[in-house]
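Encoded as structure tokens, the structure appears first; notes follow it.
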Amino acid sequence: MYRFLLSRQWVIITLVALLLVPTMIWLGFWQMDRHDERAARNQLVADALAADPVPVERLAAPGHRITRTERYRTVTARGHFDTADEVVVRRRVNADDEVGFHVLTPFVLEDGRVLLVNRGWIPADGPSQTAFPEVPAPPRGEVTVKGRLMPDETTEASGIKDLEGLPDRQIMLIDSEREAERLGARVLGGYVAQTAPEPKGDVPQRLGDPGKENAALNYAYAVQWWLFAAAVPVGWVVLVRRETRERSRPAGEETGAEETEPAAV
């Protein structure tokens with residue numbers, strides 16, 4: 001009765017089913033790994049944002065690379081802004097996906113070291129973005145700033161190409177080592193996305209809080225792949241039983257066949 005399983009068609013169907021089941025099971029576990037990674041990152045972000053503010057000197061130093069646990073930590077710094085060496089970061093968008101600049105201003109600490117402060121987003125003056133935009137001035141004199149500690153930007157992490165030949169005082173990526181060479185100063189590693197004090201007139205626009213990655217979606221995908229894996233053998237059995245019923249019918253029996261009219265005399 002089941003000799004048809006040795007036919008070429010059924011051998012191919014069976015092999016495909018045998019390949020699909022472990023593949024779908026593996027995809028389910030891969031999605032679970034992605035879920036665990038995203039959930040862990042979300043927890044790191046939540047812990048960093050919930051932690052009490054600390055002086056930036058406790059976490060950052062010249063040449064230091066900001067770690068995963070240090071990222072998004074709220075830090076404070078006392079000093080003054082150096083607008084003469086201010087630059088803007090090209091091709092950045094705000095919450096409304098409008099293209100403009102981020103304003104990167106050196107902040108000179110009381111001991112003479114420099115902290116890079118991303119003061120926020122400003123619109124571009126024109127589509128070419130070749131001229132240095134009009135940048136609102138920061139507070140004058142000694143001031144205490146607060147913000148989220150961020151690592152240096154890279155092309156690998158951001159997907160932004162570090163172009164050359166840019167207009168004066170414009171950059172593509174925030175790189176503390178490169179800024180240290182440009183400024184000829186001791187620059188702390190990474191930078192700070194400023195959250196306080198608030199700017200006058202809400203310009204530059206403050207950068208938004210880091211969003212949470214949708215870890216639950218990966219969990220749903222994992223369950224979906226495992227359900228697909230369970231459905232494959234069920235579907236194979238259904239096909240085999242249907243084929244068996246078709247082959248076990250008496251010769252000449254056809255489902256739904258029309259009755260033959262009697263021949264005319």
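Order determines the names: the first chain of the structure tokens is A, the second B, and so forth; residues in each chain are numbered 1 upward, and ligands are numbered 1 upward as they are shown.
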Original post:
Among range 15-115 of chain A, which residues carry a DSSP assignment of alpha helix (DSSP H), reported as a VMD selection string?
Top reply: chain A and resid 15 to 50
Original post:
Quick one: residues within 8 Å of range 134-144 of chain A, only C-alpha atoms counted, chain neighbours fewer than 2 positions away excluded, as a PyMOL selection string?
Top reply: chain A and resi 76-81+83+103+122+125+132+146+197+199+203-204
Original post:
Which residues, written as a list in words, have at least one atom at most 9 Å from Tyr2 in chain A, with only C-alpha atoms counted and residues fewer than 4 positions away on the same chain left out?
Top reply: Leu6, Val240 and Thr244 of chain A
Subject >> Who sits within 12 Å of His64 in chain A, only C-alpha atoms, same chain under 5 positions skipped, as a PyMOL selection string >> reply: chain A and resi 57-59+70+150-152+175-177+186-191
Restrict the selected residues to C-alpha atoms and save them as a CSV table (one decimal), in the first residue's frame.
```csv
chain,number,residue,atom,x,y,z
A,57,GLU,CA,35.4,62.2,35.2
A,58,ARG,CA,34.5,59.0,37.0
A,59,LEU,CA,33.6,57.2,33.8
A,70,GLU,CA,28.7,53.0,30.8
A,150,MET,CA,27.8,58.0,24.6
A,151,PRO,CA,30.6,56.1,22.9
A,152,ASP,CA,32.5,57.4,19.9
A,175,ASP,CA,35.3,60.7,17.2
A,176,SER,CA,37.0,61.9,20.4
A,177,GLU,CA,40.5,61.0,19.3
A,186,ARG,CA,43.1,66.2,26.2
A,187,VAL,CA,39.6,65.1,25.2
A,188,LEU,CA,37.6,62.6,27.2
A,189,GLY,CA,36.6,59.5,25.3
A,190,GLY,CA,33.1,59.4,23.9
A,191,TYR,CA,30.8,62.4,24.2
```
**OP:** Pull the strand (DSSP E or B) assignments for range 29-75 of chain A out of DSSP run on the backbone, and list those residues as an MDAnalysis selection string.
**Re:** chainID A and resid 54:55 62 74:75
Keeping only all heavy atoms, write the selected residues as a PDB file, in the first residue's frame.
```pdb
ATOM      1  N   VAL A  54      26.512  60.870  37.921  1.00  0.00           N
ATOM      2  CA  VAL A  54      27.855  60.890  38.491  1.00  0.00           C
ATOM      3  C   VAL A  54      28.706  61.880  37.699  1.00  0.00           C
ATOM      4  O   VAL A  54      28.410  62.154  36.525  1.00  0.00           O
ATOM      5  CB  VAL A  54      28.506  59.495  38.460  1.00  0.00           C
ATOM      6  CG1 VAL A  54      27.729  58.514  39.304  1.00  0.00           C
ATOM      7  CG2 VAL A  54      28.647  58.991  37.034  1.00  0.00           C
ATOM      8  N   PRO A  55      29.755  62.441  38.286  1.00  0.00           N
ATOM      9  CA  PRO A  55      30.654  63.301  37.526  1.00  0.00           C
ATOM     10  C   PRO A  55      31.264  62.536  36.358  1.00  0.00           C
ATOM     11  O   PRO A  55      31.627  61.364  36.490  1.00  0.00           O
ATOM     12  CB  PRO A  55      31.723  63.697  38.553  1.00  0.00           C
ATOM     13  CG  PRO A  55      31.046  63.544  39.882  1.00  0.00           C
ATOM     14  CD  PRO A  55      30.114  62.383  39.714  1.00  0.00           C
ATOM     15  N   PRO A  62      40.705  60.651  28.780  1.00  0.00           N
ATOM     16  CA  PRO A  62      41.287  60.693  27.438  1.00  0.00           C
ATOM     17  C   PRO A  62      41.743  59.306  26.978  1.00  0.00           C
ATOM     18  O   PRO A  62      42.433  58.589  27.707  1.00  0.00           O
ATOM     19  CB  PRO A  62      42.487  61.640  27.609  1.00  0.00           C
ATOM     20  CG  PRO A  62      42.085  62.537  28.742  1.00  0.00           C
ATOM     21  CD  PRO A  62      41.319  61.655  29.675  1.00  0.00           C
ATOM     22  N   THR A  74      23.858  58.751  33.056  1.00  0.00           N
ATOM     23  CA  THR A  74      23.717  60.191  33.226  1.00  0.00           C
ATOM     24  C   THR A  74      24.926  60.728  33.979  1.00  0.00           C
ATOM     25  O   THR A  74      25.260  60.236  35.069  1.00  0.00           O
ATOM     26  CB  THR A  74      22.431  60.526  33.994  1.00  0.00           C
ATOM     27  OG1 THR A  74      21.306  60.019  33.268  1.00  0.00           O
ATOM     28  CG2 THR A  74      22.280  62.031  34.150  1.00  0.00           C
ATOM     29  N   VAL A  75      25.584  61.713  33.366  1.00  0.00           N
ATOM     30  CA  VAL A  75      26.786  62.295  33.963  1.00  0.00           C
ATOM     31  C   VAL A  75      26.623  63.805  34.057  1.00  0.00           C
ATOM     32  O   VAL A  75      25.802  64.412  33.354  1.00  0.00           O
ATOM     33  CB  VAL A  75      28.045  61.953  33.135  1.00  0.00           C
ATOM     34  CG1 VAL A  75      28.317  60.455  33.149  1.00  0.00           C
ATOM     35  CG2 VAL A  75      27.909  62.456  31.704  1.00  0.00           C
TER      36      VAL A  75
END
```
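With only C-alpha atoms as the basis for measurement, A:Arg91 is the residue among A:Arg241, A:Arg206, A:Arg3, A:Arg91 that approaches Ile160 in chain A most closely.
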Original post:
Neighbours of Gln129 in chain A within 12 Å (only C-alpha atoms; same-chain residues fewer than 2 positions away dropped), as number ranges by chain?
Top reply: A: 88-92, 99-101, 122-127, 131-134, 166-171
Subject >> Atom-to-atom span, CA of Gly28 in chain A and CA of Trp225 in chain A, Å >> reply: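 According to the coordinates, CA of Gly28 in chain A and CA of Trp225 in chain A are separated by 5.1 Å.
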Which residues of range 116-174 of chain A come within 12 Å of range 209-218 of chain A, and for each one, what is the closest pair of atoms and their distance in Å to one decimal, counting only C-alpha atoms, sorted by chain and residue number, as CSV?
```
residue,atom,partner,partner_atom,distance
A:Gly147,CA,A:Asp209,CA,10.7
A:Arg148,CA,A:Asp209,CA,9.2
A:Leu149,CA,A:Pro210,CA,11.8
A:Met150,CA,A:Pro210,CA,11.0
```
**OP:** Extract, using only C-alpha atoms, all DNA, RNA and protein residues at most 8 Å from range 105-107 of chain A, discarding same-chain residues fewer than 4 positions from it, and format them as an MDAnalysis selection string.
**Re:** chainID A and resid 79:83 85:87 114:119
**OP:** May I have the residues within 6 Å of range 38-49 of chain A as a VMD selection string, using only C-alpha atoms and disregarding those fewer than 2 positions away in the same chain?
**Re:** chain A and resid 35 to 36 51 72 to 73 212 215
Could you write those residues out with N, CA and C atoms, as a PDB file, in the first residue's frame?
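Just written: again07.pdb:
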```pdb
ATOM      1  N   HIS A  35      16.098  37.494  20.801  1.00  0.00           N
ATOM      2  CA  HIS A  35      15.237  37.999  21.872  1.00  0.00           C
ATOM      3  C   HIS A  35      16.039  38.248  23.141  1.00  0.00           C
ATOM      4  N   ASP A  36      16.891  37.282  23.512  1.00  0.00           N
ATOM      5  CA  ASP A  36      17.682  37.420  24.734  1.00  0.00           C
ATOM      6  C   ASP A  36      18.668  38.588  24.626  1.00  0.00           C
ATOM      7  N   ALA A  51      20.155  54.976  36.885  1.00  0.00           N
ATOM      8  CA  ALA A  51      21.260  55.193  37.815  1.00  0.00           C
ATOM      9  C   ALA A  51      21.392  56.677  38.169  1.00  0.00           C
ATOM     10  N   TYR A  72      24.813  55.522  28.046  1.00  0.00           N
ATOM     11  CA  TYR A  72      23.543  56.097  28.518  1.00  0.00           C
ATOM     12  C   TYR A  72      23.567  56.480  29.996  1.00  0.00           C
ATOM     13  N   ARG A  73      24.694  56.295  30.678  1.00  0.00           N
ATOM     14  CA  ARG A  73      24.753  56.749  32.067  1.00  0.00           C
ATOM     15  C   ARG A  73      24.619  58.260  32.110  1.00  0.00           C
ATOM     16  N   LYS A 212      13.463  51.505  23.132  1.00  0.00           N
ATOM     17  CA  LYS A 212      13.615  50.100  23.476  1.00  0.00           C
ATOM     18  C   LYS A 212      13.483  49.246  22.222  1.00  0.00           C
ATOM     19  N   ALA A 215      11.978  43.274  21.686  1.00  0.00           N
ATOM     20  CA  ALA A 215      12.388  41.894  21.938  1.00  0.00           C
ATOM     21  C   ALA A 215      11.217  40.930  21.834  1.00  0.00           C
TER      22      ALA A 215
END
```
